[in-house]
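Following: one structure in structure tokens, then a few remarks.
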Amino acid sequence: MVRRRSRLSRSQDFDRVYRAGRSVANRYLVLYYFPQSGVESARAGGPSRVGLSVSKRLGSAVERNRVKRALREACRLNEHSIRSGYDFVVIARAPLPELLDRGGLAAVEDKLMEVFRKASLLSPREERKSVQ
RNA sequence: GCUGCAGCCCGGGUAGUCGCGGGGGGCGGCGCGUCCUUCGGGGCGGGCCGACUCUCCGAGGAAAGUCCGGACACCGCAGAGCGGGGUGCUGGAUAACGUCCAGCAGGGGAAACCCUCGGGAAAGUGCCACAGAAAUGACACAGCACACCGGUGGCGGUCCGCCGCCUCCGGCUGCAACGGUGAAAUGGCGCGGUAAGAGCGCACCGGCGUCGUGGUGACACGGCGGCCAGGCAAACCCCACCCGGUGCAAGGCCGAAUAGAGAGGCGCUCGAGGGCUGCUCGUCCGAAGCCUCCGGGUUGGCCGCACGAGACGCUGGGUAACCUGCGUCCUAGAUGGAUGGCUACCCUCGACAGAAUCCGGCUUACAGGGCUGCUGACGUG
RNA sequence: UGCCCGGUGGUGUAAUGGCAGCACGACUGGCUCUGGACCAGUUAGUCGAGGUUCGAGUCCUCGCCGGGCAG
């Protein structure tokens, strides 16, 4: 989900997820998601793809790079816990850089999993674990 | 030792592990071309892809701001004049510069050393608020003087016409020192001089002009003359020099898609219109089309794109910036956009900050550390 | 990435290089039984740092912030 082919790379991919997808959010992140099956039947059910959106309002180029790296790393570590066959767009919100400074990668990872759990997009095995 | 000054350099390190982008190899997969064939297939060449595997490389001194200068690309050629913009002590360096080096002048410091958009205000225009007599034509004003003229009054003399002296007033004349200001007042200070005064004269200082000497030059030193000349050109401007425009989203190639459909204007060969710079000239293209507006389609791939005014070392020239020659090296190339996570140890406990066509500068931000040279109003020997 | 604009009280705006005004707002007081309206007064500003100038919101340089354009 971190390699190039597992990222969203086209404007139209982003537009489709924004327009047709659904969203959940918390204080630090917004998650848009949309199943791949509808439009591109060829790649239906394949590995999920993710696109990151980190706007200039969050800080300098260095700051934005730190945020994107943290989000990519969090995705990589939890790749197997997230349901496949979906396209995601993760938008970083203004307080996220501050959270990264304070809590490090673990805090960002925790918040990322929180939005996936809200959207019920964890893989079935992980779903059971979180219920317990 | 301390202190200050100048210049240069570094910008956490090592190991392990999980990852990311790019190059190359292996292996695997899929097309293509060609040859052979017993029609099952096989050989050779080359291409694309890969989540597997090996290996190499992978942000900065400012990558930043985008303030200058170039390279490069397109505008057919890149022409002239006007306009516009830029630079501004001198000499040099450079591809070029608003950069750099060495000087000069002025200013600061005890010194090492540092700072300065530093041409022209006797080409012209404009501005100089308030205050002040006056803000640039040196005259008016206030004032000073009483040599000259007229008058009032007093005293003295007298040949009774008037004359001399003093005081005051007016005129004429002379004067620009003095003038509660002001950021700035037509040199400063002293002596002489005079009715009062004045560079009117003199000495010193300052400024200007001119001549000589030294220097490539800015300029410096000296002689002579002579007193005529306020500030602002980061006000218009003048002078000298420089600048064609647009910028890699430049531009080129391949592929895909849509509608040569509508409205208006001009014109059909003495020329519409367009390009070249905003305008003019000039020049080029140019024909049954051209321009403007409205509407429609595309947002894929490749190249440009990383071997360059390149880096490092040595040698030679130059005070230096820099340049000549030789040797060695190849050092990011993304495109929703790659350098990160974890563990351990060490130290000075880690600042400012992320390449996007590429170079040379400038400016701005910055934790901490290292090296070299120099200064001596200090302390010690 | 490249190019081009702008910045004056809380808001909207004026100011030939010469005392930074105006309107709305806010606050205080008055009027009223109370509020509004009205009257009187107060508050607060040239984005920041240097430079030119006697004097800078204005001119020059650098920085900061905000906005716009493009193939």
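Ligands are numbered from 1 in the order shown, chains are lettered A, B, ... in the order of the structure tokens, and residues start at 1 in each chain.
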- If we count only C-alpha atoms (C1' of nucleotides), what is near B:G118 at a cut-off of 12 Å, once residues fewer than 3 positions away on the same chain are taken out, given as a PyMOL selection string? chain B and resi 88-90+104-106+218
Writer output for current selection, C-alpha atoms (C1' of nucleotides), as an mmCIF file, in the first residue's frame:
```
data_model
loop_
_atom_site.group_PDB
_atom_site.id
_atom_site.type_symbol
_atom_site.label_atom_id
_atom_site.label_comp_id
_atom_site.auth_asym_id
_atom_site.auth_seq_id
_atom_site.Cartn_x
_atom_site.Cartn_y
_atom_site.Cartn_z
ATOM 1 C "C1'" G B 88 26.567 54.959 -11.676
ATOM 2 C "C1'" C B 89 34.173 57.082 -7.754
ATOM 3 C "C1'" U B 90 38.720 54.498 -10.522
ATOM 4 C "C1'" C B 104 40.752 56.353 -4.224
ATOM 5 C "C1'" A B 105 37.730 59.767 -1.376
ATOM 6 C "C1'" G B 106 34.723 60.477 3.014
ATOM 7 C "C1'" A B 218 39.907 57.937 -9.369
#
```
Neighbour list for B:C75 as a PDB file with N, CA and C atoms (P, O5', C5', C4', C3', O3' and C1' of nucleotides), in the first residue's frame, cut-off 10 Å, only C-alpha atoms (C1' of nucleotides), skip fewer than 5 positions in-chain:
```
ATOM      1  P     G B 245      13.909  42.594 -23.784  1.00  0.00           P
ATOM      2  O5'   G B 245      12.589  41.829 -24.205  1.00  0.00           O
ATOM      3  C5'   G B 245      11.380  42.543 -24.457  1.00  0.00           C
ATOM      4  C4'   G B 245      10.310  41.610 -24.959  1.00  0.00           C
ATOM      5  C3'   G B 245       9.999  40.428 -24.045  1.00  0.00           C
ATOM      6  O3'   G B 245       9.071  40.778 -23.041  1.00  0.00           O
ATOM      7  C1'   G B 245      10.328  39.648 -26.246  1.00  0.00           C
ATOM      8  P     U B 246       9.223  40.132 -21.582  1.00  0.00           P
ATOM      9  O5'   U B 246       8.757  38.622 -21.782  1.00  0.00           O
ATOM     10  C5'   U B 246       7.409  38.326 -22.133  1.00  0.00           C
ATOM     11  C4'   U B 246       7.295  36.908 -22.641  1.00  0.00           C
ATOM     12  C3'   U B 246       7.598  35.809 -21.637  1.00  0.00           C
ATOM     13  O3'   U B 246       6.462  35.488 -20.852  1.00  0.00           O
ATOM     14  C1'   U B 246       8.697  35.356 -23.692  1.00  0.00           C
ATOM     15  P     G B 275       0.076  39.543 -34.733  1.00  0.00           P
ATOM     16  O5'   G B 275       1.538  39.062 -35.146  1.00  0.00           O
ATOM     17  C5'   G B 275       1.870  37.670 -35.098  1.00  0.00           C
ATOM     18  C4'   G B 275       3.263  37.440 -35.602  1.00  0.00           C
ATOM     19  C3'   G B 275       4.325  38.376 -35.062  1.00  0.00           C
ATOM     20  O3'   G B 275       4.735  38.012 -33.747  1.00  0.00           O
ATOM     21  C1'   G B 275       4.599  38.146 -37.389  1.00  0.00           C
ATOM     22  P     C B 276       5.073  39.182 -32.688  1.00  0.00           P
ATOM     23  O5'   C B 276       6.492  39.684 -33.198  1.00  0.00           O
ATOM     24  C5'   C B 276       7.580  38.769 -33.273  1.00  0.00           C
ATOM     25  C4'   C B 276       8.713  39.358 -34.064  1.00  0.00           C
ATOM     26  C3'   C B 276       9.233  40.696 -33.584  1.00  0.00           C
ATOM     27  O3'   C B 276      10.091  40.543 -32.476  1.00  0.00           O
ATOM     28  C1'   C B 276       9.027  40.720 -35.935  1.00  0.00           C
TER      29        C B 276
END
```
- Go through A:Ala119, A:Cys75, A:Arg57, A:Glu98 and flag the residue nearest A:Gly21, using only C-alpha atoms for the distances.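 Going through A:Ala119, A:Cys75, A:Arg57, A:Glu98 one by one, the smallest distance to A:Gly21 is for A:Ala119.
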- Between atom C1' of B:C56 and atom C1' of B:G16, what is the spacing in Å?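 Pair atom C1' of B:G16 / atom C1' of B:C56 returns 20.3 Å.
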Show me, as a PDB file with N, CA and C atoms, in the first residue's frame, the residues that have an atom within 8 Å of A:Val24 when counting only C-alpha atoms (C1' of nucleotides), minus same-chain residues fewer than 3 positions from it.
```pdb
ATOM      1  N   VAL A  30      -9.069  13.030   7.976  1.00  0.00           N
ATOM      2  CA  VAL A  30     -10.319  12.731   7.275  1.00  0.00           C
ATOM      3  C   VAL A  30     -10.005  11.570   6.354  1.00  0.00           C
ATOM      4  N   LEU A  31     -10.901  10.565   6.333  1.00  0.00           N
ATOM      5  CA  LEU A  31     -10.714   9.407   5.459  1.00  0.00           C
ATOM      6  C   LEU A  31     -11.882   9.302   4.476  1.00  0.00           C
ATOM      7  N   TYR A  32     -11.543   9.368   3.183  1.00  0.00           N
ATOM      8  CA  TYR A  32     -12.533   9.084   2.137  1.00  0.00           C
ATOM      9  C   TYR A  32     -12.262   7.673   1.649  1.00  0.00           C
ATOM     10  N   VAL A 115      -9.847   6.035  12.511  1.00  0.00           N
ATOM     11  CA  VAL A 115     -10.784   6.375  11.439  1.00  0.00           C
ATOM     12  C   VAL A 115     -11.131   5.140  10.615  1.00  0.00           C
ATOM     13  N   LYS A 118     -13.768   3.370  12.545  1.00  0.00           N
ATOM     14  CA  LYS A 118     -15.044   4.080  12.433  1.00  0.00           C
ATOM     15  C   LYS A 118     -15.750   3.716  11.132  1.00  0.00           C
ATOM     16  N   ALA A 119     -14.949   3.542  10.077  1.00  0.00           N
ATOM     17  CA  ALA A 119     -15.538   3.256   8.774  1.00  0.00           C
ATOM     18  C   ALA A 119     -15.775   1.772   8.567  1.00  0.00           C
TER      19      ALA A 119
END
```
Cut-off 10 Å: closest chain B/chain A atom pairs per residue, using only C-alpha atoms (C1' of nucleotides), as JSON lines:
```
{"residue": "B:C18", "atom": "C1'", "partner": "A:Leu77", "partner_atom": "CA", "distance": 9.8}
{"residue": "B:G19", "atom": "C1'", "partner": "A:Glu73", "partner_atom": "CA", "distance": 8.4}
{"residue": "B:C20", "atom": "C1'", "partner": "A:Arg3", "partner_atom": "CA", "distance": 7.4}
{"residue": "B:G21", "atom": "C1'", "partner": "A:Arg4", "partner_atom": "CA", "distance": 9.4}
{"residue": "B:A51", "atom": "C1'", "partner": "A:Arg3", "partner_atom": "CA", "distance": 9.7}
{"residue": "B:U299", "atom": "C1'", "partner": "A:Ser11", "partner_atom": "CA", "distance": 9.2}
{"residue": "B:U335", "atom": "C1'", "partner": "A:Ser9", "partner_atom": "CA", "distance": 9.6}
{"residue": "B:G336", "atom": "C1'", "partner": "A:Ser9", "partner_atom": "CA", "distance": 5.3}
{"residue": "B:G337", "atom": "C1'", "partner": "A:Ser9", "partner_atom": "CA", "distance": 9.7}
{"residue": "B:A338", "atom": "C1'", "partner": "A:Arg4", "partner_atom": "CA", "distance": 9.9}
{"residue": "B:G340", "atom": "C1'", "partner": "A:Arg69", "partner_atom": "CA", "distance": 6.3}
{"residue": "B:G341", "atom": "C1'", "partner": "A:Glu73", "partner_atom": "CA", "distance": 6.8}
{"residue": "B:A353", "atom": "C1'", "partner": "A:Val62", "partner_atom": "CA", "distance": 6.9}
{"residue": "B:G354", "atom": "C1'", "partner": "A:Val62", "partner_atom": "CA", "distance": 5.7}
```
Spatial neighbours of C:U1, max dist 10 Å, only C-alpha atoms (C1' of nucleotides), sep filter under 6 positions, as a short mmCIF file (atom, residue, chain, number, x, y, z; two decimals) with N, CA and C atoms (P, O5', C5', C4', C3', O3' and C1' of nucleotides), in the first residue's frame:
```cif
data_model
loop_
_atom_site.label_atom_id
_atom_site.label_comp_id
_atom_site.auth_asym_id
_atom_site.auth_seq_id
_atom_site.Cartn_x
_atom_site.Cartn_y
_atom_site.Cartn_z
P C B 248 8.25 28.94 -17.03
"O5'" C B 248 8.57 27.84 -18.14
"C5'" C B 248 9.78 27.12 -18.14
"C4'" C B 248 9.53 25.75 -18.68
"C3'" C B 248 9.62 24.63 -17.65
"O3'" C B 248 8.73 23.61 -18.05
"C1'" C B 248 11.24 24.28 -19.30
P A B 249 7.87 22.80 -16.90
"O5'" A B 249 6.38 23.00 -17.38
"C5'" A B 249 6.02 22.71 -18.73
"C4'" A B 249 4.93 23.63 -19.17
"C3'" A B 249 5.37 25.09 -19.37
"O3'" A B 249 4.65 25.67 -20.45
"C1'" A B 249 3.71 24.96 -17.69
P A B 356 13.89 22.97 -6.72
"O5'" A B 356 13.20 22.77 -8.13
"C5'" A B 356 14.01 22.67 -9.29
"C4'" A B 356 13.38 21.74 -10.30
"C3'" A B 356 11.98 22.16 -10.75
"O3'" A B 356 11.82 21.81 -12.12
"C1'" A B 356 11.89 20.02 -9.80
#
```
- Between atom C1' of B:G360 and atom C1' of B:A63 - distance in Å to one decimal: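 About the pair atom C1' of B:A63 and atom C1' of B:G360: they are 16.1 Å apart.
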- Message: Report as a PyMOL selection string all protein, DNA and RNA residues lying within 10 Å of stretch 324-333 of chain B, evaluated on only C-alpha atoms (C1' of nucleotides), omitting residues in the same chain fewer than 3 positions from it.
- Response: chain B and resi 21-22+57-59+305-307+310-317+338+355-356
- List every residue of stretch 3-114 of chain A that DSSP, applied to the backbone of this structure, places in strand (DSSP E or B), and write the result as a VMD selection string. chain A and resid 7 22 to 25 29 to 35 49 to 53 82 86 to 92
